[in-house]
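Q: Sending over a structure as C-alpha cells; questions will come in a sec.
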Amino acid sequence: MISRLRFANRRSQCASYIRDLSTSHTRSEKYDCKVLVVGGGSGGCAMAAKLTKRLGKNNVIILEPAEKHYYQPMFTLIGGGMKRLEQSYKPMADVLPKKAKWLKEKAVEFDPDQNEVQTSCGNTIKYDLLLIATGLQLKYHTIPGLLDALSIPNGKVCSIYSPDYVDKVYDCLRSTTDGNVIFTFPHSPVKCPGAPQKIVYISEHYFRKVARRNDVNIVYNTALPVLFGVKHYADALWPIVKKRNITVNTRRNLIEVKPGQDIAVFENLDNGERFEEKYSMLHVTPPMCAPDELTKCKQLVNEAGFVNVEKSTLQHVKYPNVFAIGDSSGTPNSKTAASAAAQSPVVFRNMISVLDGKPLTSFYDGYASCPLVTGYNRCILAEFDYSLTPLETFPVAQNKERYSMFIMKKDLMPILYWKMMLPGYWNGPALMRNLLSPLKLNKSK
Ligand code: UQ1
C-alpha cells in the first residue's frame, strides 16, 4: 500500500512537470530534440546556455531533477563560517536557459544505440546529440556508521561535501575544545580533490584564532600516496603542514565510524591493517563514483564507470554523437568547476561540428584549477594541465600563499560563476592567461 501511494505521488508530480512543459495528459511522453543535456550542474548549465544561444528555442532539452543549483566551490568557505549556505544556491529555474526545455526528471536509462534516454517519469527522449553532465554521486552510505553519525544533532561528525551536512562543519568547529580533530580523503575519485585539505587548513586556523590550537591534535588521513598530485604545489604545501603541526598520514582509508564511541576505523592501504582512532571531531570526504544510471550502460563508460570520451575532444570513443563534460567524464583531469569551464568551449565547438557534419577542431589540454585556501586570509592558486605541469594565469608565483588569491576565491569567483559561467560566457582563463603572458617574463619562482 505504501509503495503504491509513493508511486501515485511520483506519478502526479511527474504529471505536473509535464503539464507545465508540454501537453496535458499523464501518459508517458516521447520527446525529440537536437541536443539532450543530462544534468544541470556547472557543466550542463553552461553548455545548455551556449547551445540554446546557437540553436534557438526548443532544440535543447535539459534533464535535471534538482530544484536548487548549488555553487559547490563555496562549501569549504561555509564550513569555515565565511559564507552561509543560503549564499551558495539559486533556484534551478533561474540558472537554466529560458529557451531550453527543462524536464525536472532524472535520466534512468541510456540507450546510445537508439539515441534515446529514459527518464524517472517513464518518458523517452530521442536526441541527435547527447551531452552527459551528470556529475558524480556521493556514497556516504557505503561507510558503516557514517550516516548515523552525520544524523546526530550537534554531533561530532561533519562533511563539507553535501548541503545536508556542510552547516555541521562550522558547528563542530565551534563546539570542539580538545582531542583529535580528524579529516579524511577517500579511496575513490573525488570532485575538487583539494577541498578535503582546504578544510584542514581552515580548521587549523580557526583553532588558532580561538586560542584552542594547543588543545587539539589535527590529523589528515588521506588514501592518496601524496598530499597533492602536482609536485610544484605539493612542495609548497608540505612546509605549511609541517609549520602548522598538522599530522598527514598517507594511504589511510576510512572504513567505519562508531558514533557511540566516537571512534573512526581506518585501513592502511599498503598492508591492509585496520586501526581505530578516537575523534572529538571527524570531517569526512565521502567515497564517490559515477551515477549508477550511467555505469550500468556499459557501452558508454570506461572501467571506472565514467563516460569513455577521447581526452582532447571530449567526444565519446564509440558514439560520435555523445559528449561528456565535467565530473562524469572519464578524462584524467582533476574534477573541478574550473575544468568544466575550460572544457565548455571545446565541447561546444565540437558538438556544433558534429551537427554540421564537419571534423572536430577544438582540443582540451586538461586544464584544472584549485584555489587551495590555506586559512581565513590566504590561498595558493594551483593551475595545471593533463601533464600535471603548472599552467598559471597570473604573473606572480602562484605556489605562494596570497591574500589576493583568497579574495579572488571568496568574492570574485562566485560572481564569475553566476554571471559568466552559467550563462555560457566563461571559457576558463586561457584568454586571460594569454593576455597576461608578456608580464610573466620576470615571474619569480
Ligand atoms: C575558474 O575558471 C573556475 O570556474 C568558474 C573556478 O571555479 C569556481 C575557479 O575556482 C577558478 C580559479 C577558475 C580559474 C579562473 C581564473 C581567473 C584563474
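Every chain in the C-alpha cells takes a letter, A first, then B, and so on in the order presented; its residues are numbered from 1, and the ligands are numbered from 1 following the presented order.
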Compile a residue-level contact table for stretch 304-385 of chain A against stretch 422-442 of chain A at a cut-off of 9 Å, reporting for every qualifying residue the shortest atom pair and its distance in Å to one decimal, with only C-alpha atoms counted, rows ordered by chain and ascending number, as CSV.
A:
```
residue,atom,partner,partner_atom,distance
A:Ala338,CA,A:Gly428,CA,6.5
A:Ser339,CA,A:Gly428,CA,7.7
A:Ala340,CA,A:Gly428,CA,8.3
A:Ala341,CA,A:Gly428,CA,5.0
A:Ala342,CA,A:Gly428,CA,4.4
A:Gln343,CA,A:Asn427,CA,7.5
A:Ser344,CA,A:Asn427,CA,6.3
A:Pro345,CA,A:Asn427,CA,5.8
A:Val346,CA,A:Asn427,CA,8.9
A:Tyr367,CA,A:Gly428,CA,8.6
```
Q: Neighbouring residues of ligand 1 are defined here as those with any atom at most 7 Å from a ligand atom, counting only C-alpha atoms and all ligand atoms; list them as a ChimeraX atom specification.
A: /A:73,336-338,341-342,369-371,381,393,409,413-414,416-417,421,428-429
Q: Output the selection as a CSV table (one decimal), in the first residue's frame - C-alpha atoms for each residue.
A:
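The resulting file, out_11.csv, is reproduced below:
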```csv
chain,number,residue,atom,x,y,z
A,73,PRO,CA,33.1,25.6,-4.5
A,336,THR,CA,36.6,20.9,-10.7
A,337,ALA,CA,34.3,23.6,-11.9
A,338,ALA,CA,37.3,25.3,-13.5
A,341,ALA,CA,34.7,25.8,-17.6
A,342,ALA,CA,37.8,25.1,-19.7
A,369,SER,CA,42.5,24.8,-11.2
A,370,CYS,CA,42.2,24.5,-7.5
A,371,PRO,CA,42.2,27.5,-5.2
A,381,LEU,CA,46.0,29.1,-6.7
A,393,THR,CA,47.2,32.6,-15.3
A,409,LYS,CA,38.3,32.7,-4.5
A,413,MET,CA,34.7,33.6,-8.2
A,414,PRO,CA,31.1,33.4,-7.2
A,416,LEU,CA,32.2,34.9,-12.3
A,417,TYR,CA,30.3,31.7,-11.8
A,421,MET,CA,30.0,30.7,-16.4
A,428,GLY,CA,38.1,29.3,-18.5
A,429,PRO,CA,41.1,31.6,-18.0
```
Q: As a list in words, please: the residues near A:Tyr319 (cut-off 12 Å, only C-alpha atoms, same-chain neighbours under 6 positions excluded).
A: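 Returned residues: Asp111, Pro112, Asp113, Gln114, Asn115, Asp128, Leu129, Leu130, Leu131, Gln299, Leu300, Val301, Val307, Asn308, Val309, Glu310 and Val354 of chain A.
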Q: Go ahead and write the residues just picked, all heavy atoms, as a CSV table (one decimal), in the first residue's frame.
A:
```csv
chain,number,residue,atom,x,y,z
A,111,ASP,N,20.3,4.7,-23.8
A,111,ASP,CA,20.4,3.7,-24.9
A,111,ASP,C,21.0,4.4,-26.1
A,111,ASP,O,20.4,4.9,-27.0
A,111,ASP,CB,19.0,3.2,-25.3
A,111,ASP,CG,19.0,2.1,-26.3
A,111,ASP,OD1,20.1,1.9,-26.9
A,111,ASP,OD2,18.0,1.5,-26.6
A,112,PRO,N,22.4,4.4,-26.1
A,112,PRO,CA,23.1,5.2,-27.2
A,112,PRO,C,22.9,4.6,-28.6
A,112,PRO,O,23.1,5.3,-29.6
A,112,PRO,CB,24.5,5.2,-26.7
A,112,PRO,CG,24.7,4.0,-25.8
A,112,PRO,CD,23.3,3.8,-25.2
A,113,ASP,N,22.6,3.3,-28.6
A,113,ASP,CA,22.4,2.7,-30.0
A,113,ASP,C,21.1,3.2,-30.6
A,113,ASP,O,21.0,3.3,-31.8
A,113,ASP,CB,22.4,1.2,-29.9
A,113,ASP,CG,23.7,0.6,-29.5
A,113,ASP,OD1,24.7,1.1,-30.1
A,113,ASP,OD2,23.8,-0.1,-28.5
A,114,GLN,N,20.1,3.5,-29.8
A,114,GLN,CA,18.8,4.0,-30.3
A,114,GLN,C,18.7,5.6,-30.2
A,114,GLN,O,17.7,6.2,-30.5
A,114,GLN,CB,17.6,3.5,-29.5
A,114,GLN,CG,17.5,2.0,-29.5
A,114,GLN,CD,17.2,1.5,-30.9
A,114,GLN,OE1,16.5,2.1,-31.7
A,114,GLN,NE2,17.8,0.3,-31.3
A,115,ASN,N,19.8,6.2,-29.7
A,115,ASN,CA,19.8,7.6,-29.4
A,115,ASN,C,18.7,8.1,-28.5
A,115,ASN,O,18.0,9.0,-28.8
A,115,ASN,CB,19.7,8.4,-30.7
A,115,ASN,CG,20.9,8.2,-31.6
A,115,ASN,OD1,22.0,8.0,-31.1
A,115,ASN,ND2,20.7,8.0,-32.9
A,128,ASP,N,19.5,14.0,-31.3
A,128,ASP,CA,20.6,13.9,-32.3
A,128,ASP,C,21.9,13.8,-31.6
A,128,ASP,O,22.8,13.0,-32.0
A,128,ASP,CB,20.5,15.1,-33.2
A,128,ASP,CG,19.2,15.2,-34.0
A,128,ASP,OD1,18.6,14.1,-34.1
A,128,ASP,OD2,18.9,16.3,-34.5
A,129,LEU,N,22.1,14.7,-30.6
A,129,LEU,CA,23.4,14.8,-29.9
A,129,LEU,C,23.1,14.7,-28.4
A,129,LEU,O,22.1,15.3,-27.9
A,129,LEU,CB,24.0,16.1,-30.1
A,129,LEU,CG,25.3,16.2,-30.9
A,129,LEU,CD1,25.1,15.6,-32.3
A,129,LEU,CD2,25.9,17.6,-31.0
A,130,LEU,N,23.9,13.9,-27.7
A,130,LEU,CA,23.7,13.8,-26.2
A,130,LEU,C,25.0,14.4,-25.5
A,130,LEU,O,26.1,14.1,-25.9
A,130,LEU,CB,23.6,12.3,-25.9
A,130,LEU,CG,23.7,11.9,-24.4
A,130,LEU,CD1,22.4,12.4,-23.7
A,130,LEU,CD2,23.7,10.4,-24.2
A,131,LEU,N,24.7,15.2,-24.5
A,131,LEU,CA,25.8,15.7,-23.6
A,131,LEU,C,25.6,15.1,-22.2
A,131,LEU,O,24.5,15.4,-21.6
A,131,LEU,CB,25.8,17.2,-23.6
A,131,LEU,CG,26.9,17.8,-22.6
A,131,LEU,CD1,28.3,17.4,-23.1
A,131,LEU,CD2,26.8,19.3,-22.5
A,299,GLN,N,28.2,0.3,-22.6
A,299,GLN,CA,28.8,0.8,-23.8
A,299,GLN,C,29.3,2.2,-23.7
A,299,GLN,O,30.1,2.7,-24.4
A,299,GLN,CB,27.7,0.9,-25.0
A,299,GLN,CG,26.9,-0.3,-25.2
A,299,GLN,CD,25.6,-0.2,-24.5
A,299,GLN,OE1,25.5,-0.3,-23.3
A,299,GLN,NE2,24.5,-0.1,-25.3
A,300,LEU,N,28.8,3.0,-22.7
A,300,LEU,CA,29.1,4.4,-22.6
A,300,LEU,C,30.3,4.6,-21.7
A,300,LEU,O,31.0,5.7,-21.8
A,300,LEU,CB,27.9,5.2,-22.0
A,300,LEU,CG,26.8,5.6,-22.9
A,300,LEU,CD1,25.8,6.4,-22.2
A,300,LEU,CD2,27.4,6.4,-24.1
A,301,VAL,N,30.6,3.7,-20.7
A,301,VAL,CA,31.6,4.1,-19.7
A,301,VAL,C,32.9,3.3,-19.8
A,301,VAL,O,32.9,2.2,-20.4
A,301,VAL,CB,30.9,3.9,-18.3
A,301,VAL,CG1,29.7,4.8,-18.1
A,301,VAL,CG2,30.6,2.4,-18.0
A,307,VAL,N,32.3,8.4,-18.3
A,307,VAL,CA,32.0,8.4,-19.7
A,307,VAL,C,33.3,8.3,-20.5
A,307,VAL,O,34.2,9.1,-20.3
A,307,VAL,CB,31.2,9.6,-20.1
A,307,VAL,CG1,30.8,9.5,-21.6
A,307,VAL,CG2,30.0,9.8,-19.2
A,308,ASN,N,33.3,7.3,-21.4
A,308,ASN,CA,34.5,7.0,-22.1
A,308,ASN,C,34.7,7.9,-23.3
A,308,ASN,O,34.4,7.6,-24.5
A,308,ASN,CB,34.4,5.5,-22.6
A,308,ASN,CG,35.7,4.9,-22.9
A,308,ASN,OD1,36.8,5.6,-22.8
A,308,ASN,ND2,35.7,3.7,-23.3
A,309,VAL,N,35.2,9.1,-23.0
A,309,VAL,CA,35.4,10.1,-24.1
A,309,VAL,C,36.9,10.2,-24.4
A,309,VAL,O,37.8,9.9,-23.6
A,309,VAL,CB,34.9,11.5,-23.7
A,309,VAL,CG1,33.3,11.5,-23.7
A,309,VAL,CG2,35.4,12.0,-22.4
A,310,GLU,N,37.2,10.7,-25.6
A,310,GLU,CA,38.5,11.0,-26.0
A,310,GLU,C,39.0,12.2,-25.3
A,310,GLU,O,38.3,13.2,-25.1
A,310,GLU,CB,38.5,11.2,-27.6
A,310,GLU,CG,39.8,10.9,-28.2
A,310,GLU,CD,40.8,12.1,-28.1
A,310,GLU,OE1,40.4,13.2,-28.2
A,310,GLU,OE2,42.0,11.8,-27.7
A,354,VAL,N,29.9,18.4,-35.1
A,354,VAL,CA,29.2,17.1,-35.4
A,354,VAL,C,27.8,17.4,-36.1
A,354,VAL,O,27.4,16.8,-37.1
A,354,VAL,CB,29.0,16.3,-34.2
A,354,VAL,CG1,28.1,15.1,-34.4
A,354,VAL,CG2,30.4,15.8,-33.7
```
Q: So which one's closest to A:Ala46, A:Ala149, A:Ala397, A:Ala211, A:Val95? Using only C-alpha atoms, please.
A: A:Val95
Q: Nearest to A:Val248 among A:Tyr31, A:Tyr201, A:Phe384, A:Trp102, with distances taken over only C-alpha atoms: which residue is it?
A: A:Tyr201
Q: Find the residues near stretch 160-168 of chain A: any atom within 7 Å, counting only C-alpha atoms, skip ones fewer than 6 places away on the same chain, and give them as a list in words.
A: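 Contacts, with the query itself left out: Phe75, Thr76, Ile78, Gly79 and Thr285 of chain A.
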Q: Please run DSSP on the backbone and report, as a ChimeraX atom specification, all residues within stretch 120-349 of chain A that come out as helix (DSSP H, G or I).
A: /A:140-142,146-151,166-175,195-209,213-215,231-243,292-295,326-328,337-349
Q: Store the residues picked out above in a file with C-alpha atoms, as an mmCIF file, in the first residue's frame.
A:
```cif
data_model
loop_
_atom_site.group_PDB
_atom_site.id
_atom_site.type_symbol
_atom_site.label_atom_id
_atom_site.label_comp_id
_atom_site.auth_asym_id
_atom_site.auth_seq_id
_atom_site.Cartn_x
_atom_site.Cartn_y
_atom_site.Cartn_z
ATOM 1 C CA TYR A 140 28.214 8.327 2.436
ATOM 2 C CA HIS A 141 26.086 5.180 2.828
ATOM 3 C CA THR A 142 28.953 2.838 1.946
ATOM 4 C CA LEU A 146 28.676 7.200 8.872
ATOM 5 C CA LEU A 147 25.090 8.172 8.045
ATOM 6 C CA ASP A 148 24.085 7.552 11.670
ATOM 7 C CA ALA A 149 26.988 9.676 12.846
ATOM 8 C CA LEU A 150 26.118 12.506 10.456
ATOM 9 C CA SER A 151 22.478 12.482 11.513
ATOM 10 C CA VAL A 166 28.023 21.400 5.380
ATOM 11 C CA ASP A 167 26.485 23.560 8.123
ATOM 12 C CA LYS A 168 27.547 20.979 10.689
ATOM 13 C CA VAL A 169 31.197 21.690 9.930
ATOM 14 C CA TYR A 170 31.241 25.140 11.493
ATOM 15 C CA ASP A 171 29.043 23.882 14.341
ATOM 16 C CA CYS A 172 31.622 21.164 15.002
ATOM 17 C CA LEU A 173 34.489 23.658 14.902
ATOM 18 C CA ARG A 174 32.740 25.867 17.446
ATOM 19 C CA SER A 175 31.944 23.049 19.831
ATOM 20 C CA ALA A 195 38.822 20.532 -0.818
ATOM 21 C CA PRO A 196 39.457 17.779 1.763
ATOM 22 C CA GLN A 197 42.686 19.523 2.757
ATOM 23 C CA LYS A 198 41.396 23.097 2.377
ATOM 24 C CA ILE A 199 39.038 22.397 5.253
ATOM 25 C CA VAL A 200 42.006 21.087 7.281
ATOM 26 C CA TYR A 201 43.861 24.392 6.863
ATOM 27 C CA ILE A 202 40.776 26.483 7.554
ATOM 28 C CA SER A 203 40.033 24.452 10.698
ATOM 29 C CA GLU A 204 43.609 24.681 11.937
ATOM 30 C CA HIS A 205 43.474 28.446 11.511
ATOM 31 C CA TYR A 206 40.095 28.531 13.294
ATOM 32 C CA PHE A 207 41.516 26.775 16.345
ATOM 33 C CA ARG A 208 44.418 29.231 16.418
ATOM 34 C CA LYS A 209 42.027 32.185 16.191
ATOM 35 C CA ARG A 213 45.065 25.177 18.924
ATOM 36 C CA ASN A 214 47.253 23.785 21.695
ATOM 37 C CA ASP A 215 44.364 21.645 22.932
ATOM 38 C CA LYS A 231 54.586 18.305 -7.329
ATOM 39 C CA HIS A 232 55.028 22.054 -7.794
ATOM 40 C CA TYR A 233 52.200 22.697 -5.301
ATOM 41 C CA ALA A 234 52.833 19.666 -3.077
ATOM 42 C CA ASP A 235 56.316 21.083 -2.493
ATOM 43 C CA ALA A 236 54.672 24.303 -1.289
ATOM 44 C CA LEU A 237 52.090 22.523 0.891
ATOM 45 C CA TRP A 238 54.409 20.182 2.832
ATOM 46 C CA PRO A 239 56.225 23.050 4.603
ATOM 47 C CA ILE A 240 52.826 24.520 5.504
ATOM 48 C CA VAL A 241 51.571 21.323 7.166
ATOM 49 C CA LYS A 242 54.911 20.933 8.964
ATOM 50 C CA LYS A 243 54.961 24.521 10.211
ATOM 51 C CA ASP A 292 24.610 4.136 -11.215
ATOM 52 C CA GLU A 293 22.257 5.003 -14.091
ATOM 53 C CA LEU A 294 25.305 5.803 -16.166
ATOM 54 C CA THR A 295 27.608 2.995 -15.097
ATOM 55 C CA GLY A 326 32.735 17.850 -16.030
ATOM 56 C CA ASP A 327 32.913 15.248 -13.299
ATOM 57 C CA SER A 328 31.160 12.424 -15.182
ATOM 58 C CA ALA A 337 34.269 23.595 -11.880
ATOM 59 C CA ALA A 338 37.282 25.262 -13.477
ATOM 60 C CA SER A 339 37.904 22.138 -15.574
ATOM 61 C CA ALA A 340 34.289 22.149 -16.733
ATOM 62 C CA ALA A 341 34.678 25.842 -17.645
ATOM 63 C CA ALA A 342 37.788 25.128 -19.727
ATOM 64 C CA GLN A 343 36.102 22.126 -21.347
ATOM 65 C CA SER A 344 32.962 24.048 -22.289
ATOM 66 C CA PRO A 345 34.193 25.923 -25.409
ATOM 67 C CA VAL A 346 35.817 22.707 -26.679
ATOM 68 C CA VAL A 347 32.697 20.614 -26.191
ATOM 69 C CA PHE A 348 30.547 23.357 -27.672
ATOM 70 C CA ARG A 349 32.593 23.791 -30.848
#
```
Q: Interatomic distance between atom CA of A:Ile182 and atom CA of A:Val230?
A: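 Answer for the atom CA of A:Ile182 to atom CA of A:Val230 separation: 23.7 Å.
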Q: If you count only C-alpha atoms, which residues fall within 12 Å of A:Pro259, apart from same-chain ones fewer than 5 positions away, as an mmCIF file with N, CA and C atoms, in the first residue's frame?
A:
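Heads up, here's the output in selection.cif:
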```cif
data_model
loop_
_atom_site.group_PDB
_atom_site.id
_atom_site.type_symbol
_atom_site.label_atom_id
_atom_site.label_comp_id
_atom_site.auth_asym_id
_atom_site.auth_seq_id
_atom_site.Cartn_x
_atom_site.Cartn_y
_atom_site.Cartn_z
ATOM 1 N N PRO A 144 30.025 2.035 6.918
ATOM 2 C CA PRO A 144 29.131 1.683 8.023
ATOM 3 C C PRO A 144 29.220 2.696 9.165
ATOM 4 N N GLY A 145 28.073 3.104 9.657
ATOM 5 C CA GLY A 145 28.023 4.007 10.812
ATOM 6 C C GLY A 145 28.069 5.485 10.442
ATOM 7 N N LEU A 146 28.465 5.786 9.210
ATOM 8 C CA LEU A 146 28.676 7.200 8.872
ATOM 9 C C LEU A 146 27.365 7.987 8.812
ATOM 10 N N LEU A 147 26.350 7.426 8.146
ATOM 11 C CA LEU A 147 25.090 8.172 8.045
ATOM 12 C C LEU A 147 24.487 8.399 9.431
ATOM 13 N N ASP A 148 24.579 7.381 10.293
ATOM 14 C CA ASP A 148 24.085 7.552 11.670
ATOM 15 C C ASP A 148 24.842 8.682 12.354
ATOM 16 N N ALA A 149 26.156 8.670 12.187
ATOM 17 C CA ALA A 149 26.988 9.676 12.846
ATOM 18 C C ALA A 149 26.642 11.082 12.345
ATOM 19 N N LEU A 150 26.419 11.190 11.033
ATOM 20 C CA LEU A 150 26.118 12.506 10.456
ATOM 21 C C LEU A 150 24.732 13.007 10.866
ATOM 22 N N SER A 151 23.856 12.064 11.209
ATOM 23 C CA SER A 151 22.478 12.482 11.513
ATOM 24 C C SER A 151 22.286 12.872 12.982
ATOM 25 N N ILE A 152 23.310 12.715 13.804
ATOM 26 C CA ILE A 152 23.169 13.086 15.222
ATOM 27 C C ILE A 152 23.131 14.613 15.352
ATOM 28 N N GLY A 155 26.196 16.680 16.564
ATOM 29 C CA GLY A 155 27.155 15.573 16.643
ATOM 30 C C GLY A 155 28.576 16.023 16.345
ATOM 31 N N LYS A 156 29.468 15.040 16.290
ATOM 32 C CA LYS A 156 30.893 15.346 16.131
ATOM 33 C C LYS A 156 31.409 15.029 14.735
ATOM 34 N N VAL A 157 30.494 14.574 13.869
ATOM 35 C CA VAL A 157 30.908 14.170 12.527
ATOM 36 C C VAL A 157 30.245 15.099 11.501
ATOM 37 N N CYS A 158 31.012 15.541 10.518
ATOM 38 C CA CYS A 158 30.501 16.533 9.577
ATOM 39 C C CYS A 158 31.164 16.354 8.217
ATOM 40 N N ALA A 264 36.780 6.295 14.807
ATOM 41 C CA ALA A 264 36.856 6.119 13.352
ATOM 42 C C ALA A 264 37.792 4.951 13.082
ATOM 43 N N VAL A 265 37.362 4.067 12.172
ATOM 44 C CA VAL A 265 38.189 2.907 11.843
ATOM 45 C C VAL A 265 38.812 3.134 10.457
ATOM 46 N N GLU A 277 40.854 5.159 15.652
ATOM 47 C CA GLU A 277 41.276 6.441 16.220
ATOM 48 C C GLU A 277 40.078 7.124 16.859
ATOM 49 N N LYS A 278 40.274 7.626 18.050
ATOM 50 C CA LYS A 278 39.196 8.324 18.768
ATOM 51 C C LYS A 278 39.176 9.767 18.248
ATOM 52 N N TYR A 279 37.967 10.272 17.983
ATOM 53 C CA TYR A 279 37.885 11.650 17.490
ATOM 54 C C TYR A 279 37.020 12.507 18.414
ATOM 55 N N SER A 280 37.363 13.801 18.448
ATOM 56 C CA SER A 280 36.431 14.750 19.070
ATOM 57 C C SER A 280 35.696 15.514 17.977
ATOM 58 N N MET A 281 36.293 15.494 16.768
ATOM 59 C CA MET A 281 35.619 15.985 15.559
ATOM 60 C C MET A 281 36.154 15.157 14.391
ATOM 61 N N LEU A 282 35.219 14.755 13.517
ATOM 62 C CA LEU A 282 35.625 13.964 12.344
ATOM 63 C C LEU A 282 35.019 14.600 11.104
#
```
Q: List every residue of stretch 201-364 of chain A that DSSP, applied to the backbone, labels as strand (DSSP E or B), and write the result as a count of residues only.
A: 44
Q: What is the distance between atom CA of A:Lys400 and atom CA of A:Cys379, in Å to one decimal?
A: 7.9 Å
Q: Atom CA of A:Glu401 and atom CA of A:Phe228, how far apart in Å?
A: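 Between atom CA of A:Phe228 and atom CA of A:Glu401 the gap works out to 15.4 Å.
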Q: Counting only C-alpha atoms, what is within 7 Å of stretch 223-227 of chain A, bar same-chain residues fewer than 5 positions away, as a PyMOL selection string?
A: chain A and resi 185-187+234+250-253
Q: Taking into account only C-alpha atoms, which residue in the set A:Gly122, A:Lys104, A:Ala324, A:Asp262 is nearest to A:Asn180?
A: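 Result for the nearest residue to A:Asn180: A:Asp262.
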Q: Compile the contact shell of A:Gly56 as a PyMOL selection string: residues with an atom at most 12 Å away, counting only C-alpha atoms, same-chain residues fewer than 5 positions apart removed.
A: chain A and resi 33-35+48-51+61+97-101
